file start-v7.cif (mmCIF, C-alpha atoms)
data_my_file
#
loop_
_atom_site.group_PDB
_atom_site.id
_atom_site.type_symbol
_atom_site.label_atom_id
_atom_site.label_comp_id
_atom_site.auth_asym_id
_atom_site.auth_seq_id
_atom_site.Cartn_x
_atom_site.Cartn_y
_atom_site.Cartn_z
ATOM 1 C CA MET C 1 13.544 50.655 16.057
ATOM 2 C CA GLN C 2 13.215 46.980 15.182
ATOM 3 C CA LYS C 3 14.539 45.680 11.894
ATOM 4 C CA LYS C 4 11.934 44.336 9.482
ATOM 5 C CA ARG C 5 13.038 41.911 6.763
ATOM 6 C CA LEU C 6 10.754 40.587 4.025
ATOM 7 C CA LEU C 7 10.558 36.806 4.110
ATOM 8 C CA LEU C 8 7.832 36.187 1.503
ATOM 9 C CA GLY C 9 5.874 38.516 -0.744
ATOM 10 C CA GLN C 10 4.029 38.275 -4.038
ATOM 11 C CA PRO C 11 4.237 36.355 -6.361
ATOM 12 C CA LEU C 12 6.351 33.876 -4.357
ATOM 13 C CA LEU C 13 3.688 33.615 -1.654
ATOM 14 C CA ASP C 14 1.024 32.477 -4.125
ATOM 15 C CA ILE C 15 3.461 29.970 -5.627
ATOM 16 C CA THR C 16 4.117 28.614 -2.123
ATOM 17 C CA LEU C 17 0.390 28.352 -1.364
ATOM 18 C CA LYS C 18 -0.276 26.519 -4.633
ATOM 19 C CA ARG C 19 2.578 24.099 -3.874
ATOM 20 C CA LEU C 20 1.020 23.382 -0.470
ATOM 21 C CA CYS C 21 -2.314 22.732 -2.202
ATOM 22 C CA GLN C 22 -0.616 20.358 -4.625
ATOM 23 C CA GLU C 23 0.818 18.424 -1.666
ATOM 24 C CA ILE C 24 -2.626 18.196 -0.051
ATOM 25 C CA VAL C 25 -4.130 16.913 -3.310
ATOM 26 C CA GLU C 26 -1.335 14.350 -3.726
ATOM 27 C CA ASN C 27 -2.049 13.011 -0.226
ATOM 28 C CA LEU C 28 -5.831 12.701 -0.562
ATOM 29 C CA ASP C 29 -7.090 9.213 0.216
ATOM 30 C CA GLU C 30 -10.257 8.016 -1.513
ATOM 31 C CA HIS C 31 -11.096 5.848 1.530
ATOM 32 C CA THR C 32 -10.715 8.576 4.162
ATOM 33 C CA PRO C 33 -12.450 11.912 3.592
ATOM 34 C CA THR C 34 -10.285 14.984 4.258
ATOM 35 C CA VAL C 35 -11.328 18.218 5.989
ATOM 36 C CA LEU C 36 -9.454 21.467 6.615
ATOM 37 C CA LEU C 37 -9.408 23.188 10.014
ATOM 38 C CA GLY C 38 -7.851 26.633 10.346
ATOM 39 C CA LEU C 39 -6.629 27.518 13.835
ATOM 40 C CA GLN C 40 -8.059 30.808 15.105
ATOM 41 C CA PRO C 41 -7.158 33.563 14.908
ATOM 42 C CA ARG C 42 -4.571 33.800 12.105
ATOM 43 C CA GLY C 43 -4.639 30.269 10.692
ATOM 44 C CA ILE C 44 -8.085 30.892 9.239
ATOM 45 C CA PHE C 45 -6.750 33.381 6.683
ATOM 46 C CA LEU C 46 -4.291 30.768 5.422
ATOM 47 C CA ALA C 47 -6.944 28.019 5.485
ATOM 48 C CA GLU C 48 -9.390 30.139 3.492
ATOM 49 C CA ARG C 49 -6.739 31.037 0.926
ATOM 50 C CA LEU C 50 -5.710 27.376 0.557
ATOM 51 C CA ASN C 51 -9.349 26.361 0.233
ATOM 52 C CA HIS C 52 -9.801 28.969 -2.515
ATOM 53 C CA PHE C 53 -6.794 27.648 -4.472
ATOM 54 C CA LEU C 54 -7.899 24.030 -3.966
ATOM 55 C CA ARG C 55 -11.282 24.853 -5.527
ATOM 56 C CA THR C 56 -10.151 27.167 -8.319
ATOM 57 C CA GLU C 57 -6.784 25.701 -9.323
ATOM 58 C CA PHE C 58 -7.246 22.004 -8.453
ATOM 59 C CA ASP C 59 -11.034 21.495 -8.635
ATOM 60 C CA THR C 60 -10.892 19.991 -5.145
ATOM 61 C CA HIS C 61 -13.681 20.756 -2.683
ATOM 62 C CA LEU C 62 -12.907 20.011 0.964
ATOM 63 C CA PRO C 63 -14.982 21.042 3.988
ATOM 64 C CA LEU C 64 -13.384 24.017 5.769
ATOM 65 C CA GLY C 65 -13.778 24.926 9.424
ATOM 66 C CA HIS C 66 -12.392 27.466 11.897
ATOM 67 C CA LEU C 67 -11.217 26.106 15.239
ATOM 68 C CA ASP C 68 -10.639 28.139 18.401
ATOM 69 C CA ALA C 69 -8.227 26.659 20.955
ATOM 70 C CA THR C 70 -8.182 29.561 23.444
ATOM 71 C CA PHE C 71 -9.529 27.593 26.412
ATOM 72 C CA TYR C 72 -7.193 24.678 25.700
ATOM 73 C CA ARG C 73 -3.987 26.752 25.829
ATOM 74 C CA ASP C 74 -1.639 26.049 28.710
ATOM 75 C CA ASP C 75 -1.191 29.798 29.263
ATOM 76 C CA TYR C 76 -4.921 30.514 29.441
ATOM 77 C CA ASN C 77 -4.821 31.696 33.079
ATOM 78 C CA ARG C 78 -1.196 32.836 33.285
ATOM 79 C CA GLY C 79 0.242 36.299 33.666
ATOM 80 C CA GLY C 80 -3.026 38.124 34.247
ATOM 81 C CA ASN C 81 -3.788 38.274 30.524
ATOM 82 C CA ILE C 82 -7.412 37.790 29.667
ATOM 83 C CA LEU C 83 -7.606 35.908 26.415
ATOM 84 C CA LYS C 84 -10.564 36.607 24.172
ATOM 85 C CA PRO C 85 -11.915 33.492 22.463
ATOM 86 C CA ASN C 86 -12.919 33.379 18.814
ATOM 87 C CA SER C 87 -15.909 31.485 17.545
ATOM 88 C CA ASN C 88 -15.681 27.957 16.192
ATOM 89 C CA LYS C 89 -17.105 27.288 12.761
ATOM 90 C CA VAL C 90 -17.061 23.550 12.274
ATOM 91 C CA ASP C 91 -20.280 22.464 10.525
ATOM 92 C CA PHE C 92 -19.163 18.885 9.974
ATOM 93 C CA ILE C 93 -18.145 15.858 11.994
ATOM 94 C CA ILE C 94 -14.449 15.002 11.976
ATOM 95 C CA GLU C 95 -14.985 11.462 13.247
ATOM 96 C CA ASP C 96 -12.952 9.006 11.127
ATOM 97 C CA LYS C 97 -11.794 11.748 8.745
ATOM 98 C CA LYS C 98 -8.327 13.031 7.941
ATOM 99 C CA VAL C 99 -7.994 16.521 9.376
ATOM 100 C CA VAL C 100 -5.451 18.960 7.982
ATOM 101 C CA LEU C 101 -4.895 21.376 10.881
ATOM 102 C CA ILE C 102 -3.702 24.730 9.509
ATOM 103 C CA ASP C 103 -1.813 27.561 11.204
ATOM 104 C CA ASP C 104 0.232 30.381 9.733
ATOM 105 C CA VAL C 105 3.343 30.074 11.931
ATOM 106 C CA ILE C 106 4.492 27.226 14.139
ATOM 107 C CA ALA C 107 7.101 27.955 16.778
ATOM 108 C CA THR C 108 6.820 26.241 20.167
ATOM 109 C CA GLY C 109 4.109 23.766 19.188
ATOM 110 C CA ARG C 110 1.924 24.737 22.147
ATOM 111 C CA MET C 111 -0.842 26.251 20.017
ATOM 112 C CA VAL C 112 -0.947 23.115 17.872
ATOM 113 C CA ARG C 113 -1.254 20.955 20.992
ATOM 114 C CA ALA C 114 -4.142 23.138 22.166
ATOM 115 C CA GLY C 115 -5.735 22.869 18.725
ATOM 116 C CA ILE C 116 -5.544 19.069 18.815
ATOM 117 C CA ASP C 117 -7.217 19.073 22.230
ATOM 118 C CA ALA C 118 -9.950 21.473 21.031
ATOM 119 C CA MET C 119 -10.539 19.393 17.919
ATOM 120 C CA GLN C 120 -11.525 16.344 19.991
ATOM 121 C CA VAL C 121 -14.847 18.045 20.830
ATOM 122 C CA PHE C 122 -15.879 17.491 17.205
ATOM 123 C CA GLY C 123 -14.981 13.801 17.098
ATOM 124 C CA ARG C 124 -12.002 11.505 16.861
ATOM 125 C CA PRO C 125 -10.261 11.905 13.508
ATOM 126 C CA ALA C 126 -8.712 8.964 11.695
ATOM 127 C CA ARG C 127 -5.564 11.044 11.180
ATOM 128 C CA VAL C 128 -4.338 14.578 11.840
ATOM 129 C CA GLU C 129 -1.833 16.313 9.596
ATOM 130 C CA LEU C 130 -0.334 19.716 10.338
ATOM 131 C CA LEU C 131 0.184 22.428 7.726
ATOM 132 C CA CYS C 132 1.990 25.682 8.427
ATOM 133 C CA LEU C 133 3.088 28.486 6.184
ATOM 134 C CA ILE C 134 6.183 29.287 8.265
ATOM 135 C CA ASN C 135 8.007 26.707 10.358
ATOM 136 C CA ARG C 136 10.196 28.443 12.934
ATOM 137 C CA LYS C 137 12.917 25.856 13.391
ATOM 138 C CA TYR C 138 14.707 25.438 16.721
ATOM 139 C CA GLU C 139 11.799 26.966 18.661
ATOM 140 C CA ARG C 140 9.876 23.844 19.793
ATOM 141 C CA ASP C 141 8.859 23.258 23.374
ATOM 142 C CA LEU C 142 6.880 20.168 22.301
ATOM 143 C CA PRO C 143 7.812 17.409 19.832
ATOM 144 C CA ILE C 144 5.417 18.563 17.104
ATOM 145 C CA GLN C 145 6.460 18.756 13.453
ATOM 146 C CA PRO C 146 4.373 19.899 10.471
ATOM 147 C CA ASP C 147 3.567 17.548 7.596
ATOM 148 C CA TYR C 148 3.272 20.427 5.104
ATOM 149 C CA VAL C 149 5.586 23.466 5.277
ATOM 150 C CA GLY C 150 5.546 26.592 3.148
ATOM 151 C CA GLN C 151 8.975 27.739 4.295
ATOM 152 C CA GLY C 152 11.267 26.876 7.186
ATOM 153 C CA VAL C 153 13.216 29.668 8.862
ATOM 154 C CA ASN C 154 15.874 29.825 11.539
ATOM 155 C CA THR C 155 14.937 32.524 14.019
ATOM 156 C CA LEU C 156 16.172 33.803 17.344
ATOM 157 C CA ASP C 157 13.923 33.954 20.415
ATOM 158 C CA SER C 158 13.976 37.738 20.116
ATOM 159 C CA GLN C 159 12.608 37.674 16.555
ATOM 160 C CA LYS C 160 8.979 37.530 15.499
ATOM 161 C CA VAL C 161 7.354 36.356 12.285
ATOM 162 C CA LEU C 162 4.562 38.660 11.118
ATOM 163 C CA VAL C 163 2.084 37.440 8.501
ATOM 164 C CA GLU C 164 -0.023 40.153 6.839
ATOM 165 C CA TRP C 165 -3.047 39.191 4.692
ATOM 166 C CA LYS C 166 -5.115 41.457 2.462
ATOM 167 C CA GLU C 167 -8.171 40.047 4.271
ATOM 168 C CA GLN C 168 -6.879 41.752 7.415
ATOM 169 C CA GLY C 169 -6.783 45.121 5.636
ATOM 170 C CA PHE C 170 -3.146 45.142 4.482
ATOM 171 C CA ALA C 171 -2.303 46.434 1.000
ATOM 172 C CA GLU C 172 -0.768 43.101 0.007
ATOM 173 C CA ASP C 173 0.084 39.676 1.412
ATOM 174 C CA THR C 174 3.523 39.715 3.031
ATOM 175 C CA ILE C 175 5.493 37.798 5.622
ATOM 176 C CA TRP C 176 8.142 39.584 7.655
ATOM 177 C CA ILE C 177 10.806 38.697 10.214
ATOM 178 C CA ILE C 178 10.960 41.421 12.845
ATOM 179 C CA GLY C 179 13.758 41.958 15.358
#

call {"tool": "encode", "arguments": {"input": "start-v7.cif", "output": "structure tokens"}}
result
Amino acid sequence: MQKKRLLLGQPLLDITLKRLCQEIVENLDEHTPTVLLGLQPRGIFLAERLNHFLRTEFDTHLPLGHLDATFYRDDYNRGGNILKPNSNKVDFIIEDKKVVLIDDVIATGRMVRAGIDAMQVFGRPARVELLCLINRKYERDLPIQPDYVGQGVNTLDSQKVLVEWKEQGFAEDTIWIIG
């Protein structure tokens, strides 16, 4: 049986999310509009929660989209796995805007690279910033670093980070290290 250790739970998770929102607000630029893009599948839960806090706690309304990078992944046709794409929901142009790309966990950086490639379909942003809830240090295959980090953790290759959201049907929001 694999060991499961709680990394973040309530109320610390909400405090972390509100701190991330505060950082986004502090970095808003009146000359460059900002949009939020949650990476499918799990980054959308974080993006929606951040968007909720931005509106309710900070009176900040930013366009929110969901971005699928399935067909841009470098493992799309590897290992016989058939990847099922998610739908994109980007009802705005990102041309000349600052895009905050959001994912729950960053490890190798490959999903972020795929997300940046997928984002180009919707225009060329003025700037891209990366936000992640959990930054798995020492795991990068690509030189990609987040601009906004909820929490950094040192993990082994054999360990996994599991993020559970109420929106997915879990009793409460929790983040676990497994393995």

call {"tool": "resolve_selection", "arguments": {"input": "start-v7.cif", "expression": "the PyMOL selection byres ((chain C and resi 162) around 10)", "output": "list in words"}}
result
Lys4, Leu6, Leu7, Asp104, Val105, Ile134, Gln159, Lys160, Val161, Val163, Glu164, Trp165, Thr174, Ile175, Trp176, Ile177 and Ile178 of chain C

call {"tool": "resolve_selection", "arguments": {"input": "start-v7.cif", "expression": "the PyMOL selection byres ((chain C and resi 132) around 9)", "output": "ChimeraX atom specification"}}
result
/C:43,46,101-106,130-131,133-135,146-151

call {"tool": "resolve_selection", "arguments": {"input": "start-v7.cif", "expression": "the PyMOL selection byres ((chain C and resi 40) around 8)", "output": "VMD selection string"}}
result
chain C and resid 38 to 39 41 to 44 66 to 69 86

call {"tool": "residues_around", "arguments": {"input": "start-v7.cif", "residues": "Glu139 of chain C", "least_positions_apart": "4", "cutoff": "8 Å", "atoms": "all atoms listed in the file", "output": "number ranges by chain"}}
result
C: 107-108, 155, 157

call {"tool": "write_last_selection", "arguments": {"input": "start-v7.cif", "atoms": "C-alpha atoms", "output": "PDB file, in the frame of the given file"}}
result
ATOM      1  CA  ALA C 107       7.101  27.955  16.778  1.00  0.00           C
ATOM      2  CA  THR C 108       6.820  26.241  20.167  1.00  0.00           C
ATOM      3  CA  THR C 155      14.937  32.524  14.019  1.00  0.00           C
ATOM      4  CA  ASP C 157      13.923  33.954  20.415  1.00  0.00           C
TER       5      ASP C 157
END

call {"tool": "atom_distance", "arguments": {"input": "start-v7.cif", "atom1": "atom CA of Asp141 of chain C", "atom2": "atom CA of Leu36 of chain C"}}
result
24.9 Å

call {"tool": "axis_aligned_box", "arguments": {"input": "start-v7.cif", "around": "segment 40-59 of chain C", "padding_each_side": "5 Å", "output": "AutoDock Vina command-line options"}}
result
--center_x -7.8 --center_y 27.6 --center_z 2.9 --size_x 17.0 --size_y 22.3 --size_z 34.4

call {"tool": "closest_residue", "arguments": {"input": "start-v7.cif", "among": "C:Leu50, C:Gly179, C:Leu37, C:Arg136", "to": "Ile116 of chain C", "atoms": "only C-alpha atoms"}}
result
C:Leu37

call {"tool": "residues_around", "arguments": {"input": "start-v7.cif", "residues": "segment 26-29 of chain C", "least_positions_apart": "3", "cutoff": "12 Å", "atoms": "only C-alpha atoms", "output": "PDB file with C-alpha atoms, in the frame of the given file"}}
result
ATOM      1  CA  ARG C  19       2.578  24.099  -3.874  1.00  0.00           C
ATOM      2  CA  LEU C  20       1.020  23.382  -0.470  1.00  0.00           C
ATOM      3  CA  CYS C  21      -2.314  22.732  -2.202  1.00  0.00           C
ATOM      4  CA  GLN C  22      -0.616  20.358  -4.625  1.00  0.00           C
ATOM      5  CA  GLU C  23       0.818  18.424  -1.666  1.00  0.00           C
ATOM      6  CA  THR C  32     -10.715   8.576   4.162  1.00  0.00           C
ATOM      7  CA  PRO C  33     -12.450  11.912   3.592  1.00  0.00           C
ATOM      8  CA  THR C  34     -10.285  14.984   4.258  1.00  0.00           C
ATOM      9  CA  VAL C  35     -11.328  18.218   5.989  1.00  0.00           C
ATOM     10  CA  LEU C  36      -9.454  21.467   6.615  1.00  0.00           C
ATOM     11  CA  LEU C  54      -7.899  24.030  -3.966  1.00  0.00           C
ATOM     12  CA  PHE C  58      -7.246  22.004  -8.453  1.00  0.00           C
ATOM     13  CA  THR C  60     -10.892  19.991  -5.145  1.00  0.00           C
ATOM     14  CA  HIS C  61     -13.681  20.756  -2.683  1.00  0.00           C
ATOM     15  CA  LEU C  62     -12.907  20.011   0.964  1.00  0.00           C
ATOM     16  CA  LYS C  97     -11.794  11.748   8.745  1.00  0.00           C
ATOM     17  CA  LYS C  98      -8.327  13.031   7.941  1.00  0.00           C
ATOM     18  CA  VAL C  99      -7.994  16.521   9.376  1.00  0.00           C
ATOM     19  CA  VAL C 100      -5.451  18.960   7.982  1.00  0.00           C
ATOM     20  CA  ALA C 126      -8.712   8.964  11.695  1.00  0.00           C
ATOM     21  CA  ARG C 127      -5.564  11.044  11.180  1.00  0.00           C
ATOM     22  CA  GLU C 129      -1.833  16.313   9.596  1.00  0.00           C
ATOM     23  CA  ASP C 147       3.567  17.548   7.596  1.00  0.00           C
ATOM     24  CA  TYR C 148       3.272  20.427   5.104  1.00  0.00           C
TER      25      TYR C 148
END

call {"tool": "closest_residue", "arguments": {"input": "start-v7.cif", "among": "C:Gly115, C:Arg73, C:Lys3, C:Gly109", "to": "Asn88 of chain C", "atoms": "all atoms listed in the file"}}
result
C:Gly115

call {"tool": "build_atoms", "arguments": {"input": "start-v7.cif", "residues": "segment 110-129 of chain C", "atoms": "N, CA, C and O atoms", "output": "compact mmCIF listing (two decimals), in the coordinates of the input"}}
result
# COMPACT_ATOMS: atom_id res chain seq x y z
N ARG C 110 2.96 24.71 21.11
CA ARG C 110 1.92 24.74 22.15
C ARG C 110 0.54 25.05 21.59
O ARG C 110 -0.46 24.49 22.03
N MET C 111 0.46 25.93 20.61
CA MET C 111 -0.84 26.25 20.02
C MET C 111 -1.39 25.06 19.25
O MET C 111 -2.60 24.80 19.28
N VAL C 112 -0.52 24.32 18.60
CA VAL C 112 -0.95 23.12 17.87
C VAL C 112 -1.47 22.08 18.86
O VAL C 112 -2.51 21.46 18.62
N ARG C 113 -0.79 21.90 19.97
CA ARG C 113 -1.25 20.96 20.99
C ARG C 113 -2.63 21.36 21.49
O ARG C 113 -3.54 20.53 21.61
N ALA C 114 -2.84 22.65 21.73
CA ALA C 114 -4.14 23.14 22.17
C ALA C 114 -5.19 22.90 21.08
O ALA C 114 -6.33 22.52 21.38
N GLY C 115 -4.81 23.10 19.83
CA GLY C 115 -5.74 22.87 18.73
C GLY C 115 -6.15 21.41 18.63
O GLY C 115 -7.32 21.10 18.37
N ILE C 116 -5.22 20.50 18.85
CA ILE C 116 -5.54 19.07 18.82
C ILE C 116 -6.52 18.73 19.94
O ILE C 116 -7.48 18.00 19.74
N ASP C 117 -6.29 19.30 21.12
CA ASP C 117 -7.22 19.07 22.23
C ASP C 117 -8.60 19.64 21.91
O ASP C 117 -9.61 18.99 22.15
N ALA C 118 -8.67 20.84 21.36
CA ALA C 118 -9.95 21.47 21.03
C ALA C 118 -10.69 20.70 19.94
O ALA C 118 -11.92 20.61 19.96
N MET C 119 -9.95 20.12 19.04
CA MET C 119 -10.54 19.39 17.92
C MET C 119 -11.31 18.16 18.40
O MET C 119 -12.29 17.76 17.77
N GLN C 120 -10.91 17.57 19.49
CA GLN C 120 -11.52 16.34 19.99
C GLN C 120 -13.01 16.52 20.32
O GLN C 120 -13.76 15.56 20.34
N VAL C 121 -13.44 17.76 20.56
CA VAL C 121 -14.85 18.05 20.83
C VAL C 121 -15.72 17.67 19.62
O VAL C 121 -16.88 17.30 19.77
N PHE C 122 -15.13 17.73 18.44
CA PHE C 122 -15.88 17.49 17.20
C PHE C 122 -15.74 16.06 16.70
O PHE C 122 -16.20 15.75 15.61
N GLY C 123 -15.12 15.20 17.48
CA GLY C 123 -14.98 13.80 17.10
C GLY C 123 -13.54 13.36 17.11
O GLY C 123 -12.62 14.15 17.32
N ARG C 124 -13.35 12.07 16.88
CA ARG C 124 -12.00 11.50 16.86
C ARG C 124 -11.60 11.26 15.41
O ARG C 124 -12.13 10.38 14.75
N PRO C 125 -10.66 12.06 14.91
CA PRO C 125 -10.26 11.90 13.51
C PRO C 125 -9.48 10.61 13.29
O PRO C 125 -8.85 10.08 14.21
N ALA C 126 -9.51 10.13 12.06
CA ALA C 126 -8.71 8.96 11.70
C ALA C 126 -7.23 9.34 11.69
O ALA C 126 -6.37 8.53 12.05
N ARG C 127 -6.95 10.57 11.29
CA ARG C 127 -5.56 11.04 11.18
C ARG C 127 -5.57 12.56 11.25
O ARG C 127 -6.51 13.21 10.78
N VAL C 128 -4.51 13.12 11.81
CA VAL C 128 -4.34 14.58 11.84
C VAL C 128 -3.00 14.90 11.18
O VAL C 128 -1.98 14.31 11.53
N GLU C 129 -3.05 15.81 10.22
CA GLU C 129 -1.83 16.31 9.60
C GLU C 129 -1.76 17.81 9.87
O GLU C 129 -2.78 18.49 9.94
